[in-house]
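What follows is the content of work-v5.cif (mmCIF, C-alpha atoms).
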```
data_target
loop_
_atom_site.label_atom_id
_atom_site.label_comp_id
_atom_site.auth_asym_id
_atom_site.auth_seq_id
_atom_site.Cartn_x
_atom_site.Cartn_y
_atom_site.Cartn_z
CA MET O 1361 16.86 -75.66 7.02
CA ARG O 1362 17.12 -72.75 4.61
CA SER O 1363 17.81 -73.37 0.99
CA THR O 1364 20.23 -71.14 -0.81
CA PRO O 1365 19.99 -70.48 -4.56
CA LYS O 1366 22.63 -72.10 -6.67
CA GLY O 1367 24.53 -70.61 -9.53
CA PRO O 1368 26.34 -67.30 -9.96
CA PRO O 1369 24.96 -64.24 -8.20
CA PRO O 1370 22.63 -62.16 -10.38
CA ARG O 1371 24.26 -59.36 -12.31
CA ARG O 1372 23.21 -55.84 -11.43
CA PRO O 1373 23.74 -53.55 -14.40
CA GLY O 1374 21.02 -51.25 -13.12
CA ARG O 1375 23.30 -49.12 -10.94
CA LEU O 1376 25.81 -48.60 -13.72
CA LEU O 1377 23.11 -47.68 -16.21
CA LYS O 1378 21.56 -45.27 -13.71
CA ALA O 1379 24.96 -43.62 -13.18
CA LEU O 1380 25.52 -43.30 -16.91
CA GLY O 1381 22.00 -41.97 -17.34
CA ALA O 1382 22.68 -39.36 -14.67
CA VAL O 1383 25.87 -38.25 -16.46
CA PHE O 1384 24.07 -38.03 -19.78
CA ALA O 1385 21.20 -36.13 -18.17
CA SER O 1386 23.67 -33.66 -16.67
CA VAL O 1387 25.11 -33.01 -20.12
CA LEU O 1388 21.61 -32.29 -21.42
CA ALA O 1389 21.01 -30.03 -18.43
CA ILE O 1390 24.10 -28.00 -19.27
CA LEU O 1391 22.85 -27.74 -22.84
CA LEU O 1392 19.52 -26.49 -21.53
CA VAL O 1393 21.26 -23.88 -19.41
CA VAL O 1394 23.21 -22.47 -22.32
CA ALA O 1395 20.30 -22.79 -24.80
CA PRO O 1396 19.55 -21.22 -27.09
CA ALA O 1397 23.10 -21.55 -28.32
CA SER O 1398 22.43 -19.12 -31.12
CA LEU O 1399 22.79 -16.35 -28.53
CA ALA O 1400 26.32 -17.46 -27.64
CA THR O 1401 29.39 -16.30 -29.45
CA SER O 1402 32.58 -18.23 -29.87
CA PRO O 1403 35.80 -16.42 -29.01
CA SER O 1404 38.11 -15.27 -31.75
CA PRO O 1405 41.89 -15.62 -31.75
CA THR O 1406 42.27 -11.92 -32.45
CA PRO O 1407 40.08 -8.96 -31.48
CA SER O 1408 37.36 -8.45 -34.06
CA PRO O 1409 37.50 -5.09 -35.80
CA SER O 1410 33.70 -4.85 -35.94
CA ASN O 1411 31.00 -5.44 -33.38
CA GLN O 1412 29.72 -8.97 -34.01
CA THR O 1413 25.95 -8.89 -33.57
CA PHE O 1414 25.10 -11.41 -36.30
CA GLN O 1415 25.80 -15.10 -36.86
CA ASN O 1416 27.02 -14.59 -40.46
CA ASN O 1417 30.33 -12.87 -41.08
CA ILE O 1418 32.40 -11.58 -43.97
CA SER O 1419 36.07 -11.42 -43.08
CA GLY O 1420 39.58 -11.35 -44.45
CA PHE O 1421 43.24 -10.43 -43.92
CA LEU O 1422 44.95 -7.52 -45.66
CA ARG O 1423 48.54 -8.24 -46.70
CA ASP O 1424 50.80 -6.25 -49.00
CA ASP O 1425 53.03 -7.86 -51.64
CA THR O 1426 55.66 -8.56 -48.94
CA ARG O 1427 53.05 -10.39 -46.78
CA ALA O 1428 53.15 -7.63 -44.15
CA PRO O 1429 49.78 -6.79 -42.52
CA ILE O 1430 48.00 -3.59 -43.51
CA PRO O 1431 46.22 -1.99 -40.51
CA ASP O 1432 43.63 0.80 -40.23
CA VAL O 1433 41.98 0.22 -43.62
CA LYS O 1434 38.22 0.74 -43.88
CA ILE O 1435 36.03 -1.92 -45.53
CA THR O 1436 32.28 -1.64 -46.15
CA ALA O 1437 29.64 -4.31 -46.88
CA LYS O 1438 26.29 -3.31 -48.42
CA SER O 1439 23.14 -5.23 -49.29
CA GLY O 1440 19.76 -3.53 -49.64
CA ASP O 1441 19.20 -1.34 -46.60
CA PHE O 1442 22.07 -2.92 -44.66
CA GLU O 1443 25.52 -1.34 -44.46
CA GLY O 1444 28.30 -2.59 -42.21
CA THR O 1445 31.85 -1.32 -41.81
CA ALA O 1446 35.06 -2.58 -40.28
CA THR O 1447 38.64 -1.40 -39.91
CA SER O 1448 41.54 -3.81 -40.27
CA GLY O 1449 43.43 -4.48 -37.07
CA ALA O 1450 47.15 -4.52 -36.36
CA ASN O 1451 47.42 -8.04 -37.84
CA GLY O 1452 45.49 -7.01 -40.97
CA ALA O 1453 42.33 -8.88 -39.93
CA TRP O 1454 38.88 -7.43 -40.49
CA ASN O 1455 35.38 -8.78 -39.89
CA ILE O 1456 31.88 -7.57 -40.67
CA GLY O 1457 28.81 -9.25 -39.19
CA VAL O 1458 25.86 -9.41 -41.60
CA PRO O 1459 22.21 -10.21 -40.80
CA VAL O 1460 21.48 -12.86 -43.44
CA GLN O 1461 23.31 -14.90 -46.05
CA GLY O 1462 23.12 -13.63 -49.60
CA THR O 1463 24.94 -11.31 -52.00
CA TYR O 1464 26.87 -8.31 -50.66
CA GLU O 1465 28.92 -5.55 -52.23
CA ILE O 1466 32.30 -5.26 -50.54
CA GLU O 1467 34.27 -2.04 -50.97
CA LEU O 1468 37.73 -1.20 -49.66
CA ASP O 1469 38.25 2.52 -49.03
CA GLU O 1470 41.46 3.15 -50.96
CA SER O 1471 41.87 6.56 -49.33
CA THR O 1472 42.62 4.77 -46.02
CA LEU O 1473 45.49 2.72 -47.47
CA PRO O 1474 48.99 3.61 -46.22
CA GLU O 1475 51.16 5.70 -48.49
CA GLY O 1476 52.86 3.65 -51.22
CA ILE O 1477 50.35 0.76 -51.09
CA LYS O 1478 47.63 0.32 -53.67
CA LEU O 1479 45.35 -2.39 -54.93
CA ALA O 1480 46.79 -4.63 -57.62
CA ASP O 1481 46.01 -3.83 -61.22
CA GLY O 1482 42.84 -5.62 -62.19
CA GLN O 1483 41.62 -6.01 -58.60
CA GLU O 1484 37.86 -5.41 -58.62
CA ASN O 1485 36.74 -2.84 -56.04
CA PRO O 1486 33.92 -2.75 -55.09
CA ARG O 1487 33.11 -6.40 -55.67
CA SER O 1488 30.09 -8.65 -55.18
CA VAL O 1489 30.36 -11.77 -53.02
CA THR O 1490 27.79 -14.46 -52.18
CA PHE O 1491 27.50 -16.85 -49.23
CA SER O 1492 27.45 -20.56 -50.12
CA GLN O 1493 26.77 -23.20 -47.42
CA THR O 1494 28.78 -21.45 -44.72
CA SER O 1495 28.26 -18.71 -42.18
CA ASN O 1496 31.74 -17.25 -42.73
CA LEU O 1497 32.88 -15.87 -46.07
CA SER O 1498 36.51 -14.89 -46.68
CA VAL O 1499 37.30 -12.05 -49.08
CA ILE O 1500 40.84 -11.49 -50.34
CA PHE O 1501 42.19 -8.21 -51.71
CA ALA O 1502 45.43 -8.30 -53.69
CA PHE O 1503 47.98 -5.47 -53.33
CA GLY O 1504 51.16 -4.51 -55.13
CA LYS O 1505 52.39 -2.13 -57.80
CA GLY O 1506 52.22 -3.59 -61.25
CA ILE O 1507 50.72 -6.88 -60.06
CA VAL O 1508 47.97 -8.20 -62.30
CA VAL O 1509 45.35 -10.42 -60.68
CA GLN O 1510 45.32 -13.76 -62.47
CA GLN O 1511 43.77 -17.14 -61.91
CA GLN O 1512 45.87 -19.52 -59.85
CA ASP O 1513 48.26 -21.74 -61.77
CA PHE O 1514 46.66 -25.12 -62.53
CA GLY O 1515 49.56 -27.12 -61.14
CA GLN O 1516 49.67 -25.06 -57.95
CA ASN O 1517 45.91 -25.37 -57.49
CA LEU O 1518 46.12 -29.12 -58.10
CA LEU O 1519 48.81 -29.52 -55.44
CA ASN O 1520 46.89 -27.44 -52.90
CA ARG O 1521 43.68 -29.40 -53.51
CA LEU O 1522 45.61 -32.66 -53.20
CA VAL O 1523 46.90 -31.68 -49.75
CA ALA O 1524 43.46 -30.43 -48.70
CA GLY O 1525 41.96 -33.70 -49.92
CA LEU O 1526 44.46 -35.68 -47.87
CA SER O 1527 43.52 -33.66 -44.77
CA PHE O 1528 39.81 -34.16 -45.48
CA GLY O 1529 40.30 -37.87 -46.16
CA LEU O 1530 42.14 -38.42 -42.88
CA LEU O 1531 39.44 -36.72 -40.80
CA LEU O 1532 36.87 -38.83 -42.66
CA ALA O 1533 38.98 -41.87 -41.79
CA LEU O 1534 38.66 -41.13 -38.05
CA ALA O 1535 34.89 -41.49 -38.29
CA SER O 1536 35.06 -44.30 -40.86
CA VAL O 1537 37.40 -46.44 -38.75
CA GLY O 1538 34.99 -46.22 -35.80
CA LEU O 1539 32.06 -47.17 -38.02
CA SER O 1540 34.05 -50.04 -39.54
CA LEU O 1541 35.04 -51.38 -36.10
CA ILE O 1542 31.41 -51.34 -34.97
CA PHE O 1543 30.28 -53.08 -38.14
CA GLY O 1544 33.07 -55.64 -37.90
CA THR O 1545 32.28 -56.65 -34.31
CA THR O 1546 28.46 -56.41 -34.36
CA GLY O 1547 27.43 -56.48 -38.02
CA LEU O 1548 25.40 -53.30 -37.42
CA THR O 1549 25.22 -50.58 -40.08
CA ASN O 1550 24.82 -47.63 -37.73
CA PHE O 1551 23.09 -44.66 -39.37
CA ALA O 1552 23.36 -42.75 -36.08
CA HIS O 1553 27.13 -42.51 -36.55
CA GLY O 1554 26.70 -39.08 -38.16
CA GLU O 1555 25.16 -37.77 -34.94
CA MET O 1556 28.16 -39.12 -33.02
CA VAL O 1557 30.29 -36.93 -35.33
CA THR O 1558 28.07 -33.92 -34.66
CA LEU O 1559 28.16 -34.44 -30.90
CA GLY O 1560 31.92 -33.92 -30.68
CA ALA O 1561 31.82 -30.45 -32.25
CA VAL O 1562 28.66 -29.43 -30.37
CA LEU O 1563 30.16 -30.42 -27.01
CA VAL O 1564 33.34 -28.42 -27.66
CA PHE O 1565 31.25 -25.37 -28.49
CA MET O 1566 29.00 -25.92 -25.46
CA PHE O 1567 31.82 -26.38 -22.93
CA ASN O 1568 33.71 -23.40 -24.38
CA ALA O 1569 30.53 -21.27 -24.27
CA VAL O 1570 30.21 -21.81 -20.49
CA GLY O 1571 33.76 -20.54 -19.98
CA MET O 1572 35.88 -23.69 -19.89
CA PRO O 1573 39.43 -23.55 -21.27
CA PHE O 1574 39.62 -24.73 -24.86
CA TRP O 1575 41.89 -27.70 -24.09
CA LEU O 1576 39.53 -28.89 -21.35
CA ALA O 1577 36.54 -28.52 -23.67
CA LEU O 1578 38.31 -30.77 -26.21
CA ILE O 1579 39.02 -33.47 -23.62
CA LEU O 1580 35.47 -33.41 -22.23
CA ALA O 1581 34.04 -33.55 -25.76
CA LEU O 1582 36.05 -36.68 -26.54
CA LEU O 1583 34.98 -38.27 -23.24
CA GLY O 1584 31.39 -37.29 -23.99
CA GLY O 1585 31.60 -39.02 -27.37
CA GLY O 1586 32.92 -42.18 -25.73
CA LEU O 1587 30.18 -42.02 -23.09
CA PHE O 1588 27.53 -41.64 -25.79
CA GLY O 1589 28.87 -44.74 -27.53
CA TYR O 1590 28.82 -46.69 -24.26
CA VAL O 1591 25.26 -45.62 -23.40
CA GLN O 1592 24.10 -46.58 -26.89
CA ASP O 1593 25.48 -50.10 -26.57
CA ALA O 1594 24.50 -50.70 -22.94
CA GLY O 1595 21.02 -49.23 -23.21
CA LEU O 1596 19.97 -50.18 -26.73
CA TRP O 1597 22.14 -52.44 -28.88
CA LYS O 1598 23.15 -55.02 -26.27
CA PRO O 1599 19.54 -55.69 -25.19
CA LEU O 1600 18.53 -55.99 -28.85
CA ARG O 1601 21.38 -58.44 -29.50
CA ARG O 1602 20.32 -60.57 -26.53
CA LYS O 1603 16.76 -60.69 -27.85
CA GLY O 1604 18.08 -61.98 -31.18
CA THR O 1605 16.92 -58.94 -33.16
CA GLY O 1606 17.92 -59.14 -36.82
CA LEU O 1607 20.41 -56.75 -38.39
CA VAL O 1608 17.84 -55.14 -40.68
CA PRO O 1609 15.48 -54.17 -37.82
CA MET O 1610 18.50 -52.90 -35.86
CA MET O 1611 19.55 -50.79 -38.85
CA ILE O 1612 16.04 -49.29 -38.97
CA VAL O 1613 16.30 -48.56 -35.24
CA SER O 1614 19.61 -46.76 -35.90
CA ILE O 1615 17.87 -44.55 -38.49
CA GLY O 1616 15.22 -43.62 -35.93
CA LEU O 1617 17.92 -42.98 -33.32
CA ALA O 1618 19.77 -40.73 -35.76
CA LEU O 1619 16.67 -38.61 -36.39
CA ALA O 1620 15.86 -38.39 -32.68
CA VAL O 1621 19.38 -37.35 -31.63
CA ARG O 1622 19.72 -34.91 -34.53
CA TYR O 1623 16.63 -32.95 -33.60
CA ILE O 1624 17.32 -33.11 -29.87
CA ILE O 1625 20.66 -31.43 -30.68
CA GLN O 1626 18.83 -28.87 -32.82
CA PHE O 1627 16.36 -28.14 -29.99
CA PHE O 1628 19.16 -27.28 -27.55
CA PHE O 1629 21.83 -26.02 -29.94
CA GLY O 1630 19.69 -24.14 -32.44
CA GLY O 1631 19.73 -24.06 -36.21
CA ALA O 1632 22.41 -21.40 -36.70
CA THR O 1633 26.00 -22.08 -37.67
CA GLN O 1634 28.44 -21.41 -34.83
CA GLN O 1635 32.23 -21.16 -34.91
CA LEU O 1636 34.76 -22.87 -32.67
CA PRO O 1637 37.69 -20.87 -31.28
CA PHE O 1638 40.46 -20.11 -33.79
CA ALA O 1639 38.26 -21.19 -36.72
CA GLN O 1640 39.45 -18.29 -38.89
CA SER O 1641 43.13 -18.23 -39.76
CA PRO O 1642 45.11 -17.07 -42.81
CA GLU O 1643 46.79 -19.65 -45.02
CA ILE O 1644 50.49 -20.27 -44.63
CA GLN O 1645 53.02 -21.24 -47.26
CA LEU O 1646 54.94 -24.49 -46.80
CA GLY O 1647 57.22 -24.69 -49.79
CA PRO O 1648 54.98 -24.95 -52.86
CA VAL O 1649 51.87 -25.76 -50.77
CA SER O 1650 49.44 -23.17 -49.43
CA ILE O 1651 47.43 -24.52 -46.48
CA SER O 1652 45.56 -23.15 -43.49
CA PRO O 1653 47.00 -23.95 -40.04
CA ASN O 1654 43.73 -25.68 -39.10
CA ASN O 1655 43.97 -28.08 -42.04
CA LEU O 1656 47.62 -28.72 -41.26
CA TRP O 1657 46.85 -29.53 -37.62
CA SER O 1658 43.94 -31.71 -38.75
CA LEU O 1659 46.23 -33.68 -41.04
CA VAL O 1660 48.86 -34.21 -38.33
CA ILE O 1661 46.37 -35.10 -35.56
CA SER O 1662 44.46 -37.55 -37.77
CA ALA O 1663 47.64 -39.29 -38.92
CA VAL O 1664 48.97 -39.64 -35.35
CA VAL O 1665 45.67 -40.96 -33.94
CA ILE O 1666 45.26 -43.48 -36.76
CA ALA O 1667 48.87 -44.64 -36.31
CA ILE O 1668 48.28 -45.16 -32.57
CA LEU O 1669 45.07 -47.05 -33.32
CA GLY O 1670 46.92 -49.28 -35.77
CA ILE O 1671 49.56 -50.12 -33.17
CA VAL O 1672 46.86 -50.95 -30.62
CA LEU O 1673 45.05 -53.26 -33.05
CA LEU O 1674 48.21 -55.04 -34.20
CA LYS O 1675 50.36 -55.24 -31.06
CA THR O 1676 48.11 -55.38 -27.99
CA ARG O 1677 45.94 -58.13 -26.52
CA LEU O 1678 42.90 -55.88 -26.79
CA GLY O 1679 43.59 -55.31 -30.47
CA LYS O 1680 43.99 -59.02 -31.14
CA ALA O 1681 40.78 -59.76 -29.24
CA THR O 1682 38.97 -57.10 -31.26
CA ARG O 1683 40.17 -58.59 -34.53
CA ALA O 1684 39.19 -62.07 -33.33
CA VAL O 1685 35.65 -60.93 -32.49
CA ALA O 1686 35.36 -59.18 -35.85
CA ASP O 1687 36.53 -62.32 -37.66
CA ASN O 1688 34.39 -64.87 -35.80
CA PRO O 1689 32.47 -63.90 -32.62
CA ALA O 1690 31.40 -67.46 -31.79
CA LEU O 1691 34.94 -68.83 -32.05
CA ALA O 1692 36.28 -65.87 -30.07
CA ALA O 1693 33.78 -66.57 -27.27
CA ALA O 1694 34.73 -70.26 -27.29
CA SER O 1695 38.38 -69.20 -26.91
CA GLY O 1696 37.61 -67.36 -23.68
CA ILE O 1697 37.28 -63.82 -25.03
CA ASP O 1698 34.59 -61.67 -23.40
CA VAL O 1699 32.78 -60.69 -26.59
CA ASP O 1700 30.38 -58.25 -24.89
CA ASN O 1701 33.27 -56.43 -23.21
CA VAL O 1702 35.15 -56.13 -26.51
CA ILE O 1703 32.05 -54.77 -28.25
CA ARG O 1704 31.56 -52.28 -25.43
CA ILE O 1705 35.14 -51.03 -25.77
CA VAL O 1706 34.69 -50.77 -29.55
CA TRP O 1707 31.60 -48.59 -29.05
CA VAL O 1708 33.48 -46.30 -26.68
CA ALA O 1709 36.46 -46.05 -29.05
CA GLY O 1710 34.16 -45.52 -32.03
CA GLY O 1711 32.36 -42.71 -30.21
CA MET O 1712 35.63 -40.96 -29.33
CA LEU O 1713 36.98 -41.30 -32.88
CA ALA O 1714 33.71 -39.95 -34.30
CA SER O 1715 33.82 -37.00 -31.89
CA LEU O 1716 37.40 -36.18 -32.87
CA GLY O 1717 36.44 -36.40 -36.53
CA GLY O 1718 33.53 -34.04 -35.88
CA ILE O 1719 35.77 -31.48 -34.18
CA LEU O 1720 38.20 -31.52 -37.09
CA TRP O 1721 35.30 -31.37 -39.56
CA ALA O 1722 34.01 -28.25 -37.76
CA TYR O 1723 37.35 -26.57 -38.46
CA TYR O 1724 37.56 -27.84 -42.04
CA ARG O 1725 34.12 -26.52 -43.07
CA PRO O 1726 34.38 -24.25 -40.95
CA GLY O 1727 31.36 -24.11 -38.59
CA VAL O 1728 29.24 -26.18 -36.20
CA THR O 1729 25.65 -27.07 -37.12
CA PHE O 1730 23.14 -29.55 -35.72
CA ASP O 1731 23.23 -31.63 -38.94
CA MET O 1732 26.93 -31.43 -39.81
CA GLY O 1733 27.48 -35.15 -39.19
CA SER O 1734 24.62 -36.22 -41.44
CA GLN O 1735 26.11 -34.08 -44.23
CA ILE O 1736 29.16 -36.33 -44.46
CA LEU O 1737 27.55 -39.61 -43.36
CA LEU O 1738 27.29 -40.86 -46.95
CA LEU O 1739 30.93 -39.93 -47.53
CA ILE O 1740 31.84 -42.01 -44.47
CA PHE O 1741 29.83 -44.91 -45.86
CA ALA O 1742 31.50 -44.41 -49.23
CA GLY O 1743 34.95 -44.65 -47.64
CA VAL O 1744 34.04 -47.78 -45.67
CA THR O 1745 32.43 -49.41 -48.72
CA LEU O 1746 35.34 -48.57 -50.99
CA GLY O 1747 37.92 -49.92 -48.56
CA GLY O 1748 35.93 -52.98 -47.52
CA LEU O 1749 33.23 -53.39 -44.87
CA GLY O 1750 34.59 -54.34 -41.47
CA THR O 1751 38.27 -53.72 -42.28
CA VAL O 1752 40.03 -50.90 -40.43
CA TRP O 1753 42.78 -50.43 -43.01
CA GLY O 1754 40.22 -50.58 -45.78
CA ALA O 1755 38.25 -47.77 -44.14
CA LEU O 1756 41.45 -45.72 -43.90
CA ILE O 1757 42.43 -46.23 -47.54
CA GLY O 1758 38.88 -45.77 -48.80
CA SER O 1759 38.38 -42.53 -46.86
CA ILE O 1760 41.64 -41.05 -48.14
CA ILE O 1761 40.66 -41.87 -51.72
CA VAL O 1762 37.21 -40.33 -51.21
CA GLY O 1763 38.64 -37.18 -49.59
CA ILE O 1764 41.19 -36.62 -52.35
CA PHE O 1765 38.64 -37.36 -55.08
CA VAL O 1766 36.13 -34.90 -53.59
CA GLU O 1767 38.68 -32.07 -53.51
CA LEU O 1768 40.21 -32.77 -56.92
CA THR O 1769 36.86 -32.68 -58.71
CA THR O 1770 36.70 -28.91 -58.16
CA VAL O 1771 40.04 -28.51 -59.95
CA PHE O 1772 38.58 -30.07 -63.10
CA GLY O 1773 35.58 -27.78 -63.26
CA LEU O 1774 32.94 -29.47 -61.08
CA ALA O 1775 30.91 -26.97 -59.07
CA ALA O 1776 31.81 -26.89 -55.37
CA ASP O 1777 28.20 -27.62 -54.42
CA LEU O 1778 28.34 -30.88 -56.42
CA LYS O 1779 31.73 -32.18 -55.33
CA TYR O 1780 30.26 -34.75 -52.90
CA VAL O 1781 28.32 -36.37 -55.76
CA GLY O 1782 31.56 -37.87 -57.10
CA ALA O 1783 32.17 -39.78 -53.87
CA LEU O 1784 28.71 -41.33 -54.04
CA PHE O 1785 29.38 -42.27 -57.67
CA ILE O 1786 32.50 -44.12 -56.47
CA MET O 1787 30.40 -46.05 -53.93
CA ILE O 1788 27.93 -47.12 -56.62
CA VAL O 1789 30.70 -48.27 -58.96
CA VAL O 1790 32.39 -50.26 -56.19
CA LEU O 1791 29.15 -51.97 -55.25
CA LEU O 1792 28.59 -52.93 -58.90
CA PHE O 1793 32.05 -54.31 -59.73
CA ARG O 1794 33.74 -55.13 -56.40
CA PRO O 1795 31.17 -55.32 -53.60
CA GLN O 1796 33.75 -56.49 -51.04
CA GLY O 1797 35.84 -53.32 -51.50
CA ILE O 1798 39.59 -52.92 -51.93
CA LEU O 1799 40.67 -54.92 -48.87
CA GLY O 1800 37.43 -56.80 -48.17
CA ARG O 1801 36.96 -60.53 -48.60
CA ARG O 1802 34.51 -62.09 -51.01
CA GLU O 1803 31.81 -63.93 -49.07
CA ARG O 1804 29.73 -66.82 -50.28
CA VAL O 1805 26.01 -66.14 -50.57
CA GLY O 1806 23.52 -68.91 -49.78
#
```

Any chance you could put this one into structure tokens?
Amino acid sequence: MRSTPKGPPPRRPGRLLKALGAVFASVLAILLVVAPASLATSPSPTPSPSNQTFQNNISGFLRDDTRAPIPDVKITAKSGDFEGTATSGANGAWNIGVPVQGTYEIELDESTLPEGIKLADGQENPRSVTFSQTSNLSVIFAFGKGIVVQQQDFGQNLLNRLVAGLSFGLLLALASVGLSLIFGTTGLTNFAHGEMVTLGAVLVFMFNAVGMPFWLALILALLGGGLFGYVQDAGLWKPLRRKGTGLVPMMIVSIGLALAVRYIIQFFFGGATQQLPFAQSPEIQLGPVSISPNNLWSLVISAVVIAILGIVLLKTRLGKATRAVADNPALAAASGIDVDNVIRIVWVAGGMLASLGGILWAYYRPGVTFDMGSQILLLIFAGVTLGGLGTVWGALIGSIIVGIFVELTTVFGLAADLKYVGALFIMIVVLLFRPQGILGRRERVG
């Protein structure tokens, strides 16, 4: 007689992990093919007036006092031995590639202006401009007879910064909500979440660089972010949870993972700042508000995605199961909920949300760099902490407050390079006086 083993058949996750590993390896292979990425150029929405041979660019749009474009105007940029020239196109756009960041003297050749058009009174020409934490610098020339260049009205500037802060806060919320969901269901403070943000923008640039349509590059980048979240959980966090690893060691592992992924991206992508398609666009006027089309689209997309996520969490069985696991995993498991499956879905959703946030962040900056996610990681943590750890709506509210606060500080005289310090100050104050955040619950200690 032959004995047969009792119990359920053994699970075979090996095939699935091998398949996922193969997909991830193929993505790295594509990166290797297109590396170094610093040699690639991202397409522009309009033909560039100058030959782009450098990664840093000085650009602008020439408009007269009726907002009509001014074509065929010569602009020159000088710095040391370098001199670059460009001629404005039919839409008024001009662009000069420069070798390094620094200070340049920009001069508009007034002899090339059309008859009847002149620079506004008080408009400095030539003028000195300096790069600051970006590879693209916009220079505006004011035109019009009798117009005197003045500083922007305080109220107008305040309104514009408020709208920009709302757009920034909503894109922060996309990444913060994913981080909050992961923390709520697993208790893990994931310091590698910044690299999940970076991955979305890098994948869009990579897929676009190999000739894919822009819309397809966006879809594949979002899927890639979700796949990265799944691989993280299946290959790293789930085994650690099963071994009973504490949250502090897991947090330290996430810091090591963040450093590893960041510099793997740098190895393939390079250290230069790259631009996504349509990154440069002139601001448009919507009533009293002046806003760039990219920021407007970012605001709309973020609001729609967050609204859909809210409906899913409140109205669907998956959303209710997710909230149950976040509230009490043991009780949820006793109620018949597959906790591991819910956590896996949360990691996929968190990866996709982080990737979308990274794409929008690349347009807001603008630019794609290997460390762009780590630059706003503390702002993401500040939003989650302010709103309340583990609460989705708290992360949303906290991120909006942080985004608006960051942008409004520049209105009241804080240097642009220091505007992120205010958000970290908010996080410290919240931890001192209300550690549970705005919507968080006070927990007993001991």

- How many Å separate CA of Ala1577 in chain O from CA of Ile1615 in chain O?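 For CA of Ala1577 in chain O relative to CA of Ile1615 in chain O, the distance reads 28.7 Å.
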
- Message: Selection in question (the file shown): the PyMOL selection byres ((chain O and resi 1486) around 12). Which residues does it include, as a VMD selection string?
- Response: chain O and resid 1435 to 1438 1464 to 1470 1479 1482 to 1485 1487 to 1489 1499 1501

- Task: Could you tell me which residues the PyMOL selection byres ((chain O and resi 1668-1673) around 12) returns for this structure, as an MDAnalysis selection string?
- Result: chainID O and resid 1533:1534 1537:1538 1541 1661:1667 1674:1684 1686 1706 1709:1710 1712:1713 1751:1753 1756

- For the point (17.6, -43.3, -35.9) in the file's frame, write as a VMD selection string all residues with an atom no more than 12 Å away, counting only C-alpha atoms. chain O and resid 1549 to 1556 1592 1596 1609 to 1624 1734

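Across the structure, CA of Gly1452 in chain O and CA of Ala1428 in chain O are spaced 8.3 Å apart.
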
- Quick one, how far is CA of Gly1585 in chain O from CA of Ile1705 in chain O?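 Pair CA of Gly1585 in chain O / CA of Ile1705 in chain O returns 12.6 Å.
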